[in-house]
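Chemist: File follows, model39.cif with mmCIF, C-alpha atoms and all ligand atoms:
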data_protein
#
loop_
_atom_site.label_atom_id
_atom_site.label_comp_id
_atom_site.auth_asym_id
_atom_site.auth_seq_id
_atom_site.Cartn_x
_atom_site.Cartn_y
_atom_site.Cartn_z
CA MET A 1 0.00 0.00 0.00
CA THR A 2 1.58 3.30 -1.12
CA ILE A 3 2.05 5.90 1.58
CA THR A 4 1.04 9.21 0.04
CA ALA A 5 2.80 12.55 0.55
CA ALA A 6 -0.15 13.63 2.67
CA ASP A 7 0.36 10.61 4.93
CA TRP A 8 4.06 11.41 5.34
CA ARG A 9 3.28 15.09 6.04
CA GLU A 10 0.75 14.12 8.70
CA ARG A 11 3.24 11.83 10.44
CA ALA A 12 5.99 14.46 10.14
CA ALA A 13 3.71 17.10 11.65
CA GLY A 14 3.45 15.01 14.79
CA LEU A 15 7.22 14.53 15.04
CA PHE A 16 9.10 17.66 13.95
CA PRO A 17 8.61 21.38 14.79
CA GLY A 18 6.49 22.68 11.93
CA GLY A 19 6.71 19.22 10.40
CA VAL A 20 10.25 19.81 9.14
CA ASN A 21 13.87 19.49 10.12
CA SER A 22 14.80 22.87 8.68
CA PRO A 23 12.39 25.82 8.60
CA VAL A 24 12.65 26.85 4.95
CA ARG A 25 11.29 23.43 3.94
CA ALA A 26 7.91 24.26 5.48
CA TYR A 27 6.94 26.50 2.54
CA ARG A 28 5.59 29.16 4.90
CA ALA A 29 6.62 31.94 2.48
CA VAL A 30 5.09 30.40 -0.64
CA GLY A 31 2.10 28.45 0.66
CA GLY A 32 0.89 25.09 -0.48
CA GLU A 33 1.86 21.74 0.94
CA PRO A 34 5.62 21.11 1.10
CA PRO A 35 6.66 18.15 -1.02
CA ILE A 36 7.87 14.84 0.36
CA LEU A 37 10.80 14.00 -1.86
CA VAL A 38 11.84 10.41 -2.24
CA ARG A 39 14.35 10.25 -5.10
CA GLY A 40 16.72 12.38 -7.16
CA ALA A 41 18.65 11.73 -10.33
CA GLY A 42 20.56 14.34 -12.32
CA PRO A 43 18.46 17.53 -12.43
CA HIS A 44 15.27 15.79 -11.30
CA VAL A 45 13.55 14.88 -8.07
CA TRP A 46 10.41 12.80 -7.48
CA ASP A 47 7.89 13.24 -4.70
CA ALA A 48 6.03 10.53 -2.77
CA ASP A 49 3.09 10.85 -5.15
CA GLY A 50 5.25 10.06 -8.14
CA ASN A 51 5.47 13.60 -9.52
CA ARG A 52 8.75 14.54 -11.21
CA TYR A 53 10.26 18.01 -10.94
CA LEU A 54 13.20 19.83 -12.45
CA ASP A 55 15.03 20.74 -9.25
CA TYR A 56 16.69 24.13 -8.65
CA VAL A 57 17.07 23.54 -4.90
CA GLY A 58 19.79 20.89 -5.17
CA ALA A 59 19.68 20.42 -1.38
CA PHE A 60 20.37 24.20 -1.17
CA GLY A 61 23.72 24.07 -2.86
CA PRO A 62 25.75 20.88 -2.25
CA LEU A 63 24.66 19.10 -5.43
CA LEU A 64 26.70 21.00 -8.01
CA LEU A 65 26.85 17.75 -10.02
CA GLY A 66 23.13 17.08 -9.67
CA HIS A 67 21.45 14.25 -7.79
CA ALA A 68 23.01 10.79 -7.40
CA HIS A 69 26.04 11.42 -9.61
CA PRO A 70 27.50 7.94 -10.30
CA ALA A 71 31.02 8.87 -9.16
CA VAL A 72 29.70 10.23 -5.87
CA VAL A 73 27.40 7.26 -5.24
CA GLU A 74 30.25 4.83 -5.96
CA ALA A 75 32.62 6.70 -3.62
CA ILE A 76 30.07 6.60 -0.79
CA ARG A 77 29.39 2.91 -1.42
CA CYS A 78 33.06 2.00 -1.26
CA ALA A 79 33.58 4.01 1.94
CA ALA A 80 30.52 2.41 3.54
CA GLU A 81 31.68 -1.08 2.66
CA ALA A 82 35.06 -0.30 4.23
CA GLY A 83 33.35 0.39 7.56
CA GLY A 84 32.16 3.93 7.56
CA SER A 85 33.48 5.61 10.70
CA PHE A 86 36.43 5.20 13.06
CA GLY A 87 36.95 8.24 15.25
CA ALA A 88 40.47 8.40 13.89
CA THR A 89 42.30 10.21 11.10
CA GLY A 90 41.95 8.52 7.72
CA PRO A 91 43.30 8.90 4.18
CA GLY A 92 40.03 10.40 2.89
CA GLU A 93 40.24 13.57 4.99
CA VAL A 94 43.89 14.02 4.03
CA ARG A 95 43.09 13.71 0.32
CA LEU A 96 40.11 16.07 0.48
CA ALA A 97 42.04 18.67 2.48
CA GLU A 98 44.89 18.57 -0.05
CA LEU A 99 42.39 18.99 -2.90
CA ILE A 100 40.77 21.96 -1.16
CA ARG A 101 44.12 23.60 -0.43
CA SER A 102 45.28 23.12 -4.02
CA ARG A 103 42.30 25.18 -5.21
CA MET A 104 42.08 27.68 -2.34
CA PRO A 105 45.72 28.52 -1.45
CA SER A 106 44.56 30.88 1.33
CA ILE A 107 43.67 27.69 3.21
CA GLU A 108 47.05 26.73 4.65
CA ARG A 109 45.42 24.64 7.40
CA ILE A 110 41.87 23.33 7.72
CA ARG A 111 39.59 21.63 10.23
CA PHE A 112 36.61 19.58 9.06
CA VAL A 113 33.33 19.79 10.95
CA ASN A 114 29.79 18.64 10.25
CA SER A 115 27.89 21.74 9.12
CA GLY A 116 28.38 25.27 7.88
CA THR A 117 27.05 26.48 11.21
CA GLU A 118 29.80 24.68 13.11
CA ALA A 119 32.39 25.99 10.68
CA ALA A 120 31.29 29.62 10.97
CA MET A 121 31.01 29.59 14.75
CA SER A 122 34.42 27.95 15.06
CA ALA A 123 36.03 30.47 12.71
CA LEU A 124 34.71 33.29 14.89
CA ARG A 125 36.05 31.58 18.02
CA VAL A 126 39.48 31.43 16.42
CA ALA A 127 39.28 35.11 15.44
CA ARG A 128 38.27 36.11 18.97
CA ALA A 129 41.13 34.07 20.43
CA ALA A 130 43.65 35.46 17.95
CA THR A 131 42.70 39.09 18.58
CA GLY A 132 41.58 38.94 22.21
CA ARG A 133 38.50 40.90 21.09
CA ASP A 134 34.80 40.12 21.55
CA LEU A 135 32.83 41.89 18.80
CA VAL A 136 32.09 40.44 15.37
CA LEU A 137 30.76 42.34 12.37
CA LYS A 138 28.34 40.69 9.92
CA PHE A 139 26.01 42.02 7.24
CA ASP A 140 22.28 42.54 7.31
CA GLY A 141 20.77 39.60 5.43
CA GLY A 142 23.97 37.57 5.69
CA TYR A 143 23.40 34.01 6.84
CA HIS A 144 26.14 31.96 8.44
CA GLY A 145 24.15 29.21 10.12
CA HIS A 146 22.28 29.25 13.40
CA ALA A 147 24.99 29.86 16.02
CA ASP A 148 23.75 32.41 18.57
CA SER A 149 25.99 35.31 17.61
CA LEU A 150 25.29 34.91 13.91
CA LEU A 151 21.50 34.89 14.00
CA VAL A 152 21.35 38.66 14.39
CA GLU A 153 19.54 40.14 11.36
CA ALA A 154 20.26 36.98 9.38
CA GLY A 155 19.13 35.98 5.92
CA SER A 156 17.90 32.64 4.57
CA GLY A 157 15.19 31.07 6.71
CA VAL A 158 15.33 33.86 9.30
CA ALA A 159 14.47 36.39 6.60
CA THR A 160 12.01 34.03 4.91
CA LEU A 161 10.01 33.81 8.12
CA SER A 162 10.42 37.57 8.73
CA LEU A 163 11.98 36.88 12.11
CA PRO A 164 13.99 39.73 13.71
CA GLY A 165 16.60 37.22 14.84
CA SER A 166 15.91 34.32 17.12
CA ALA A 167 14.29 33.86 20.50
CA GLY A 168 16.68 32.29 22.96
CA VAL A 169 19.69 34.37 21.96
CA PRO A 170 20.71 36.36 25.05
CA ALA A 171 20.75 40.12 24.50
CA ALA A 172 24.32 40.15 25.78
CA VAL A 173 25.33 37.78 22.99
CA ALA A 174 23.44 39.67 20.30
CA ALA A 175 25.05 42.90 21.51
CA GLN A 176 28.44 41.52 20.52
CA THR A 177 27.39 41.31 16.88
CA LEU A 178 27.60 44.49 14.84
CA VAL A 179 25.55 44.63 11.65
CA ALA A 180 26.56 46.60 8.56
CA ALA A 181 24.82 46.98 5.20
CA TYR A 182 26.11 44.75 2.39
CA ASN A 183 27.95 46.65 -0.36
CA ASP A 184 28.25 49.68 1.94
CA LEU A 185 31.87 50.23 2.99
CA ASP A 186 30.95 53.42 4.85
CA SER A 187 28.67 51.44 7.16
CA VAL A 188 31.56 49.07 7.88
CA ALA A 189 34.05 51.89 8.44
CA GLY A 190 31.61 53.66 10.74
CA LEU A 191 31.14 50.60 12.94
CA LEU A 192 34.87 49.92 13.08
CA ASP A 193 35.55 53.56 13.97
CA ARG A 194 32.94 53.47 16.74
CA HIS A 195 34.48 50.31 18.20
CA PRO A 196 38.23 50.83 17.89
CA GLY A 197 40.29 47.81 18.88
CA GLN A 198 37.15 45.78 19.72
CA VAL A 199 36.18 43.96 16.52
CA ALA A 200 37.63 40.46 16.23
CA ALA A 201 36.25 39.57 12.81
CA VAL A 202 34.37 40.75 9.77
CA ILE A 203 32.39 37.84 8.33
CA VAL A 204 30.86 38.14 4.88
CA GLU A 205 29.34 36.01 2.15
CA PRO A 206 31.59 37.21 -0.69
CA VAL A 207 28.57 36.74 -2.93
CA ALA A 208 25.49 37.14 -0.79
CA ALA A 209 23.09 34.26 -1.48
CA ASN A 210 20.79 34.33 1.54
CA MET A 211 18.97 37.51 0.67
CA GLY A 212 18.63 36.15 -2.81
CA VAL A 213 21.80 36.54 -4.87
CA VAL A 214 23.45 39.93 -4.37
CA ALA A 215 26.86 40.33 -6.00
CA PRO A 216 29.57 42.44 -4.37
CA LEU A 217 29.87 45.86 -6.04
CA PRO A 218 33.28 46.52 -7.62
CA GLY A 219 35.73 47.31 -4.82
CA PHE A 220 33.52 46.08 -1.98
CA LEU A 221 35.53 42.98 -1.09
CA GLU A 222 38.84 44.78 -1.62
CA GLY A 223 37.53 47.50 0.67
CA LEU A 224 36.66 44.95 3.36
CA ARG A 225 40.20 43.59 3.14
CA ARG A 226 41.61 47.08 3.59
CA LEU A 227 39.23 48.03 6.44
CA ALA A 228 39.79 44.74 8.30
CA ASP A 229 43.56 45.20 8.05
CA GLY A 230 43.29 48.79 9.25
CA ALA A 231 41.21 47.72 12.24
CA GLY A 232 43.30 44.65 13.08
CA ALA A 233 40.26 42.43 12.48
CA ILE A 234 40.25 38.96 10.89
CA LEU A 235 38.50 38.83 7.50
CA VAL A 236 36.32 35.71 7.20
CA PHE A 237 34.80 34.68 3.86
CA ASP A 238 31.79 32.45 4.30
CA GLU A 239 32.07 30.35 1.13
CA VAL A 240 29.65 27.64 2.21
CA ILE A 241 27.62 28.37 -0.93
CA THR A 242 30.17 30.03 -3.23
CA GLY A 243 33.07 27.68 -2.49
CA PHE A 244 33.94 25.67 -5.62
CA ARG A 245 30.66 26.85 -7.22
CA VAL A 246 31.31 30.35 -8.56
CA ALA A 247 34.85 29.42 -9.64
CA PRO A 248 37.24 26.48 -9.13
CA GLY A 249 38.72 28.39 -6.20
CA GLY A 250 35.48 29.99 -5.07
CA ALA A 251 34.69 33.68 -4.73
CA GLN A 252 38.15 34.43 -3.37
CA GLU A 253 39.54 33.34 -6.74
CA LEU A 254 36.78 35.01 -8.76
CA TYR A 255 37.30 38.41 -7.09
CA GLY A 256 41.00 38.06 -6.23
CA VAL A 257 40.64 38.92 -2.53
CA ARG A 258 42.39 36.70 0.03
CA PRO A 259 40.59 36.25 3.38
CA ASP A 260 42.31 35.26 6.59
CA LEU A 261 39.79 32.49 7.25
CA THR A 262 37.34 30.71 4.95
CA VAL A 263 34.20 28.85 5.98
CA LEU A 264 33.16 25.94 3.75
CA GLY A 265 30.35 23.41 3.55
CA LYS A 266 27.82 21.93 1.12
CA ILE A 267 29.77 21.07 -2.08
CA ILE A 268 32.84 19.75 -0.21
CA GLY A 269 30.64 17.01 1.24
CA GLY A 270 28.97 16.09 -2.05
CA GLY A 271 25.56 16.25 -0.38
CA LEU A 272 26.51 14.65 2.95
CA PRO A 273 26.74 16.62 6.23
CA VAL A 274 29.90 18.70 6.21
CA GLY A 275 31.60 21.96 7.07
CA ALA A 276 35.16 23.19 7.32
CA PHE A 277 37.06 26.26 8.44
CA GLY A 278 40.54 27.01 7.23
CA GLY A 279 43.01 29.71 6.43
CA ARG A 280 46.22 31.19 7.78
CA ALA A 281 48.40 28.60 9.54
CA ASP A 282 49.06 30.91 12.47
CA LEU A 283 45.31 31.12 13.10
CA LEU A 284 44.49 27.43 12.63
CA ASP A 285 47.41 26.48 14.87
CA LEU A 286 45.46 28.11 17.70
CA VAL A 287 42.94 25.24 17.49
CA ALA A 288 43.18 22.31 19.93
CA PRO A 289 45.19 20.24 20.32
CA ALA A 290 47.73 22.55 18.67
CA GLY A 291 46.50 25.57 20.62
CA PRO A 292 44.01 26.83 23.22
CA VAL A 293 40.87 27.16 21.03
CA TYR A 294 38.79 24.10 21.70
CA GLN A 295 36.77 22.61 18.85
CA ALA A 296 35.83 18.97 18.37
CA GLY A 297 33.39 16.65 16.62
CA THR A 298 32.60 12.94 16.86
CA LEU A 299 32.01 12.58 13.15
CA SER A 300 34.32 15.27 11.81
CA GLY A 301 36.20 14.09 8.72
CA HIS A 302 33.78 11.20 8.30
CA PRO A 303 35.06 8.77 5.63
CA LEU A 304 31.79 8.70 3.65
CA VAL A 305 31.61 12.50 3.64
CA MET A 306 35.24 12.88 2.65
CA ALA A 307 34.79 10.33 -0.15
CA ALA A 308 31.71 12.13 -1.48
CA GLY A 309 33.48 15.48 -1.32
CA GLU A 310 36.60 14.22 -3.04
CA ALA A 311 34.57 12.53 -5.79
CA THR A 312 32.64 15.77 -6.31
CA LEU A 313 35.67 18.06 -6.50
CA LYS A 314 37.43 15.67 -8.88
CA GLU A 315 34.52 15.99 -11.33
CA LEU A 316 34.77 19.79 -11.40
CA THR A 317 36.76 20.28 -14.58
CA PRO A 318 37.05 23.48 -16.65
CA ALA A 319 34.49 22.02 -19.05
CA VAL A 320 32.00 21.54 -16.19
CA TYR A 321 32.42 25.18 -15.11
CA ALA A 322 32.03 26.36 -18.69
CA GLY A 323 28.82 24.37 -19.01
CA LEU A 324 27.46 25.73 -15.73
CA GLU A 325 28.19 29.29 -16.85
CA ALA A 326 26.63 28.86 -20.29
CA ARG A 327 23.44 27.20 -19.11
CA ALA A 328 22.91 29.49 -16.12
CA ALA A 329 23.40 32.49 -18.40
CA ARG A 330 20.83 31.08 -20.84
CA LEU A 331 18.36 30.52 -18.01
CA ALA A 332 18.91 34.02 -16.65
CA GLU A 333 18.37 35.53 -20.10
CA GLY A 334 15.15 33.60 -20.57
CA LEU A 335 13.82 34.71 -17.19
CA ARG A 336 13.96 38.41 -17.97
CA ARG A 337 10.52 40.03 -17.92
CA PRO A 338 9.11 43.47 -17.05
CA GLY A 339 8.94 44.28 -13.35
CA THR A 340 11.49 41.70 -12.35
CA ALA A 341 15.29 41.56 -12.23
CA VAL A 342 17.70 38.64 -12.45
CA ALA A 343 20.85 38.64 -10.34
CA ARG A 344 23.41 35.98 -11.26
CA VAL A 345 26.93 34.95 -10.35
CA GLY A 346 27.90 31.78 -12.16
CA SER A 347 25.39 29.01 -11.46
CA LEU A 348 23.78 30.97 -8.61
CA LEU A 349 20.86 33.15 -9.56
CA THR A 350 17.73 34.80 -8.19
CA LEU A 351 14.72 36.27 -9.97
CA PHE A 352 13.76 39.29 -7.88
CA PHE A 353 10.26 40.63 -8.09
CA ARG A 354 11.44 44.22 -8.18
CA ALA A 355 12.51 46.43 -11.05
CA ALA A 356 16.28 46.23 -10.45
CA PRO A 357 18.69 43.80 -8.77
CA PRO A 358 19.07 44.76 -5.07
CA ARG A 359 22.43 45.93 -3.77
CA ASP A 360 21.63 45.01 -0.17
CA PHE A 361 19.09 43.33 2.08
CA ALA A 362 16.94 46.44 2.57
CA GLN A 363 16.39 46.57 -1.20
CA ALA A 364 15.92 42.79 -1.45
CA LYS A 365 13.19 43.03 1.18
CA ASP A 366 11.15 45.42 -0.92
CA SER A 367 10.69 42.72 -3.57
CA ASP A 368 7.09 41.69 -4.19
CA ARG A 369 7.02 38.47 -2.20
CA ALA A 370 3.40 37.75 -3.04
CA ALA A 371 4.31 37.87 -6.72
CA PHE A 372 7.23 35.54 -6.03
CA ALA A 373 4.89 33.10 -4.26
CA ARG A 374 2.51 33.10 -7.25
CA PHE A 375 5.43 32.56 -9.62
CA PHE A 376 6.76 29.76 -7.41
CA GLY A 377 3.36 28.03 -7.44
CA ALA A 378 3.01 28.33 -11.21
CA LEU A 379 6.41 26.74 -11.77
CA ARG A 380 5.71 24.01 -9.24
CA SER A 381 2.50 23.19 -11.09
CA GLY A 382 4.57 23.08 -14.27
CA GLY A 383 7.02 20.59 -12.79
CA VAL A 384 9.80 22.97 -11.79
CA LEU A 385 10.85 23.21 -8.13
CA LEU A 386 12.48 26.43 -6.92
CA PRO A 387 13.83 27.19 -3.46
CA PRO A 388 10.66 28.28 -1.60
CA SER A 389 11.74 31.82 -0.79
CA GLN A 390 12.54 35.10 -2.52
CA PHE A 391 15.64 35.15 -0.30
CA GLU A 392 17.17 31.91 -1.55
CA ALA A 393 19.30 31.31 -4.62
CA TRP A 394 18.43 29.04 -7.50
CA PHE A 395 21.13 26.38 -7.76
CA VAL A 396 21.88 25.33 -11.33
CA SER A 397 23.80 22.05 -11.46
CA ALA A 398 26.04 20.43 -14.07
CA ALA A 399 23.15 18.01 -14.66
CA HIS A 400 20.88 20.84 -15.88
CA ASP A 401 21.46 20.28 -19.59
CA ASP A 402 20.09 22.37 -22.46
CA GLU A 403 16.85 20.40 -22.46
CA ALA A 404 16.34 21.15 -18.76
CA ILE A 405 16.84 24.87 -19.37
CA VAL A 406 14.43 24.85 -22.31
CA ARG A 407 11.83 22.97 -20.28
CA THR A 408 12.24 25.42 -17.41
CA LEU A 409 11.71 28.41 -19.68
CA GLU A 410 8.71 26.73 -21.31
CA SER A 411 7.14 26.32 -17.86
CA LEU A 412 7.23 30.05 -17.15
CA PRO A 413 3.83 31.68 -16.71
CA ALA A 414 2.91 34.18 -19.44
P1 LIG B 501 24.50 24.59 7.56
O1 LIG B 501 24.72 24.71 9.07
O2 LIG B 501 23.03 24.68 7.21
O3 LIG B 501 25.22 23.38 6.95
O4 LIG B 501 25.22 25.85 6.88
C1 LIG B 501 24.88 27.13 7.31
C2 LIG B 501 25.24 28.14 6.24
C3 LIG B 501 26.38 28.90 6.40
N1 LIG B 501 26.75 29.83 5.49
C4 LIG B 501 26.00 30.04 4.38
C5 LIG B 501 26.44 31.07 3.38
C6 LIG B 501 24.82 29.29 4.16
O5 LIG B 501 24.08 29.53 3.05
C7 LIG B 501 24.43 28.32 5.10
C8 LIG B 501 23.16 27.50 4.95
N2 LIG B 501 22.40 27.76 3.78
C9 LIG B 501 20.98 27.58 3.88
C10 LIG B 501 20.33 27.90 2.54
N3 LIG B 501 20.58 29.22 2.11
C11 LIG B 501 20.63 26.19 4.35
C12 LIG B 501 19.21 25.75 4.09
C13 LIG B 501 18.50 25.48 5.37
O6 LIG B 501 18.75 26.21 6.35
O7 LIG B 501 17.67 24.52 5.38
#
Now, as a test, write the supplied structure out as structure tokens.
Modeler:
Amino acid sequence: MTITAADWRERAAGLFPGGVNSPVRAYRAVGGEPPILVRGAGPHVWDADGNRYLDYVGAFGPLLLGHAHPAVVEAIRCAAEAGGSFGATGPGEVRLAELIRSRMPSIERIRFVNSGTEAAMSALRVARAATGRDLVLKFDGGYHGHADSLLVEAGSGVATLSLPGSAGVPAAVAAQTLVAAYNDLDSVAGLLDRHPGQVAAVIVEPVAANMGVVAPLPGFLEGLRRLADGAGAILVFDEVITGFRVAPGGAQELYGVRPDLTVLGKIIGGGLPVGAFGGRADLLDLVAPAGPVYQAGTLSGHPLVMAAGEATLKELTPAVYAGLEARAARLAEGLRRPGTAVARVGSLLTLFFRAAPPRDFAQAKDSDRAAFARFFGALRSGGVLLPPSQFEAWFVSAAHDDEAIVRTLESLPA
């Protein structure tokens, strides 16, 4: 007897807060019943009722190769058959770390963890230890996971649900997070000037993707480098989404700005739970057991995750990047219509329901979210699944071939 999506949703509703294990999946911003997805292959996913969709969620970024890529599946299978977890260092984490460092030379040392949240919070702990300072500076609409100090004026699901931050974060903790406007160097300089010698780190998504996609204006990232240096603060690039997606070496390669620390996740785990923080050796050597900054994880460097990440990165050839660029550009071109604006960096894109691409979160928030929800529903009915929020990026994968792009454009409402 087939269990329908409705049956699964009913059982989930009695088990998980809001019926989900991550808020954005609840479809609160777009309405309708969230899908129960049971299978993925290439650019497609299937729900429990047997409906097939062209998928632009891609697990929110990890699946740059698409669903169930044979090389990734085979790597996971082999690692599982070898006995999947030991609580000891293994060859897989060494190989993946060497691959990452070969493409992101700013990462002289690295520590694997199990989520982007863990990676971001650990990077800030290192920065605070290195500088002896307490304050951190983030950007309005920037999302770096759900660690207390980073939920202040965050993007992604926090913005999707129109939450001011999060209940349960002590005011004293939130007070240690300064918030600047993305693409606004004056707002950064002003905060640094008002808190001389107090800011440990500036953390930024080098391409914002949690307010929808907002590209850095020319000079913005270079300006952050200069301002962080002038203030004695650590510059942290959160490349959980952009890492290995927007270029072989991530946004730091694309824009030619070298951070002190980089936060990674998603793609480096090939779809399995992963995060990493890395950067200057003098900073990473502060991390236990080499130094006094404690950070640990039972499943960090997990063999199956390392195998999936290595298999993924090895598939990312120049031809794959060229294909991603060409097909994402074609999709973006086909999306253009009056009253909307497409923002794109590589295979990351967002269709904003406003007349021009936003330069920051305040502008992104004045998009017509009701119009987005109607558009989302029309595409879903047409067999195309978008991330269920105006403030999320569309993730084009290497599996989205020309036919997938054509079918997507044909599904657009008039
Ligand atoms: P995780 O803890 O969810 O693995 O990573 C947190 C994170 C950190 N930094 C950036 C730039 C991120 O985008 C994320 C997580 N991304 C969201 C989607 N935009 C995850 C989706 C969800 O929360 O369900």
Chemist: Work out how far CA of Arg111 in chain A is from CA of Phe277 in chain A, in Å to one decimal.
Modeler: 5.6 Å
Chemist: CA of Arg359 in chain A and CA of Asp260 in chain A, how far apart in Å?
Modeler: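 So the two atoms, CA of Asp260 in chain A and CA of Arg359 in chain A, lie 24.8 Å apart.
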Chemist: 6 Å from ligand LIG 501 (chain B) is the threshold here; counting all atoms listed in the file, which polymer residues fall inside it? Answer as an MDAnalysis selection string.
Modeler: chainID A and resid 22 24 60 115:117 143:145 156 205 210 238 240:241 392
Chemist: One decimal, Å: what's the distance from CA of Ala343 in chain A over to CA of Phe237 in chain A, could you say?
Modeler: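 Calculated distance between CA of Ala343 in chain A and CA of Phe237 in chain A is 20.3 Å.
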Chemist: List the neighbours of Thr242 in chain A out to 8 Å using only C-alpha atoms; skip same-chain residues closer than 6 positions along the sequence, and give me the result as a PyMOL selection string.
Modeler: chain A and resi 206-207+250-251
Chemist: Let me see the file: selected residues, C-alpha atoms, as a short mmCIF file (atom, residue, chain, number, x, y, z; two decimals), in the frame of the given file.
Modeler:
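Output below, filename selection-v2.cif:
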data_model
loop_
_atom_site.label_atom_id
_atom_site.label_comp_id
_atom_site.auth_asym_id
_atom_site.auth_seq_id
_atom_site.Cartn_x
_atom_site.Cartn_y
_atom_site.Cartn_z
CA PRO A 206 31.59 37.21 -0.69
CA VAL A 207 28.57 36.74 -2.93
CA GLY A 250 35.48 29.99 -5.07
CA ALA A 251 34.69 33.68 -4.73
#
Chemist: Considering all atoms listed in the file, state which residue in the set A:Asp366, A:Glu98, A:Asp55, A:Glu325 is at the smallest distance from Leu385 in chain A.
Modeler: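 Of A:Asp366, A:Glu98, A:Asp55, A:Glu325, the one nearest Leu385 in chain A, counting all atoms listed in the file, is A:Asp55.
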Chemist: Have a look at A:Ala120, A:Gly256, A:Ala215, A:Asp184 and name the one nearest to Ile203 in chain A; count only C-alpha atoms.
Modeler: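 Closest candidate: A:Ala120.
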Chemist: Using only C-alpha atoms, which residue out of A:Leu161, A:Arg77, A:Asp360, A:Glu315 lies closest to Leu185 in chain A?
Modeler: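 Nearest candidate to Leu185 in chain A out of A:Leu161, A:Arg77, A:Asp360, A:Glu315: A:Asp360.
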Chemist: When you count all atoms listed in the file, which of these residues is closest to Gly168 in chain A: A:Thr2, A:Gln198, A:Gln295, A:Ser149?
Modeler: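 Using all atoms listed in the file, Gly168 in chain A sits closest to A:Ser149.
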Chemist: I'd like to know which of A:Leu299, A:Gly382, A:Glu222, A:Leu54 is closest to Gly84 in chain A, using all atoms listed in the file.
Modeler: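 Distance minimum relative to Gly84 in chain A lands on A:Leu299.
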Chemist: Give me the residues within 9 Å of range 86-91 of chain A as a PDB file with C-alpha atoms, in the coordinates of the input, counting all atoms listed in the file and dropping any in the same chain fewer than 4 places off.
Modeler:
ATOM      1  CA  ARG A  95      43.090  13.710   0.320  1.00  0.00           C
ATOM      2  CA  LEU A  96      40.110  16.070   0.480  1.00  0.00           C
ATOM      3  CA  THR A 298      32.600  12.940  16.860  1.00  0.00           C
ATOM      4  CA  LEU A 299      32.010  12.580  13.150  1.00  0.00           C
ATOM      5  CA  SER A 300      34.320  15.270  11.810  1.00  0.00           C
ATOM      6  CA  GLY A 301      36.200  14.090   8.720  1.00  0.00           C
ATOM      7  CA  HIS A 302      33.780  11.200   8.300  1.00  0.00           C
ATOM      8  CA  PRO A 303      35.060   8.770   5.630  1.00  0.00           C
TER       9      PRO A 303
END
Chemist: Go through A:Phe376, A:Phe112, A:Phe361, A:Phe16 one by one, measure the shortest atom-to-atom distance of each to Ala209 in chain A using all atoms listed in the file, and give the residue with the smallest value.
Modeler: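 That would be A:Phe361, the residue with the smallest distance to Ala209 in chain A.
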Chemist: So that I can see what lies close to Ala398 in chain A, please list as a CSV table (one decimal) with C-alpha atoms, in the coordinates of the input the residues with an atom at most 10 Å from it, counting only C-alpha atoms and leaving out residues fewer than 4 positions away in the same chain.
Modeler:
chain,number,residue,atom,x,y,z
A,42,GLY,CA,20.6,14.3,-12.3
A,43,PRO,CA,18.5,17.5,-12.4
A,63,LEU,CA,24.7,19.1,-5.4
A,64,LEU,CA,26.7,21.0,-8.0
A,65,LEU,CA,26.8,17.8,-10.0
A,66,GLY,CA,23.1,17.1,-9.7
A,67,HIS,CA,21.4,14.2,-7.8
A,315,GLU,CA,34.5,16.0,-11.3
A,316,LEU,CA,34.8,19.8,-11.4
A,319,ALA,CA,34.5,22.0,-19.0
A,320,VAL,CA,32.0,21.5,-16.2
A,321,TYR,CA,32.4,25.2,-15.1
A,322,ALA,CA,32.0,26.4,-18.7
A,323,GLY,CA,28.8,24.4,-19.0
A,324,LEU,CA,27.5,25.7,-15.7
A,325,GLU,CA,28.2,29.3,-16.8
A,327,ARG,CA,23.4,27.2,-19.1
A,328,ALA,CA,22.9,29.5,-16.1
A,347,SER,CA,25.4,29.0,-11.5
Chemist: Residues proximal to (38.7, 28.2, 14.4) were defined as those with any atom within 8 Å of that point in the file's coordinates, counting only C-alpha atoms. Which are they, as JSON, numbers by chain?
Modeler: {"A": [111, 119, 121, 122, 123, 124, 125, 126, 127, 277, 278, 283, 284, 286, 287, 293, 295]}
Chemist: Could you work out an axis-aligned box for range 239-244 of chain A, taking every atom the file lists and adding 6 Å on each side, and report centre and edge lengths in Å to one decimal, as AutoDock Vina command-line options?
Modeler:
--center_x 30.8 --center_y 28.0 --center_z -1.7 --size_x 18.3 --size_y 16.7 --size_z 19.8
Chemist: Which neighbours of Gly61 in chain A fall inside 8 Å, counting all atoms listed in the file, when residues of the same chain fewer than 3 positions from it are skipped, and could you give them as a list in words?
Modeler: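 My reading of the contact set: Val57, Gly58, Leu64, Ile241, Lys266, Ile267 and Phe395 of chain A.
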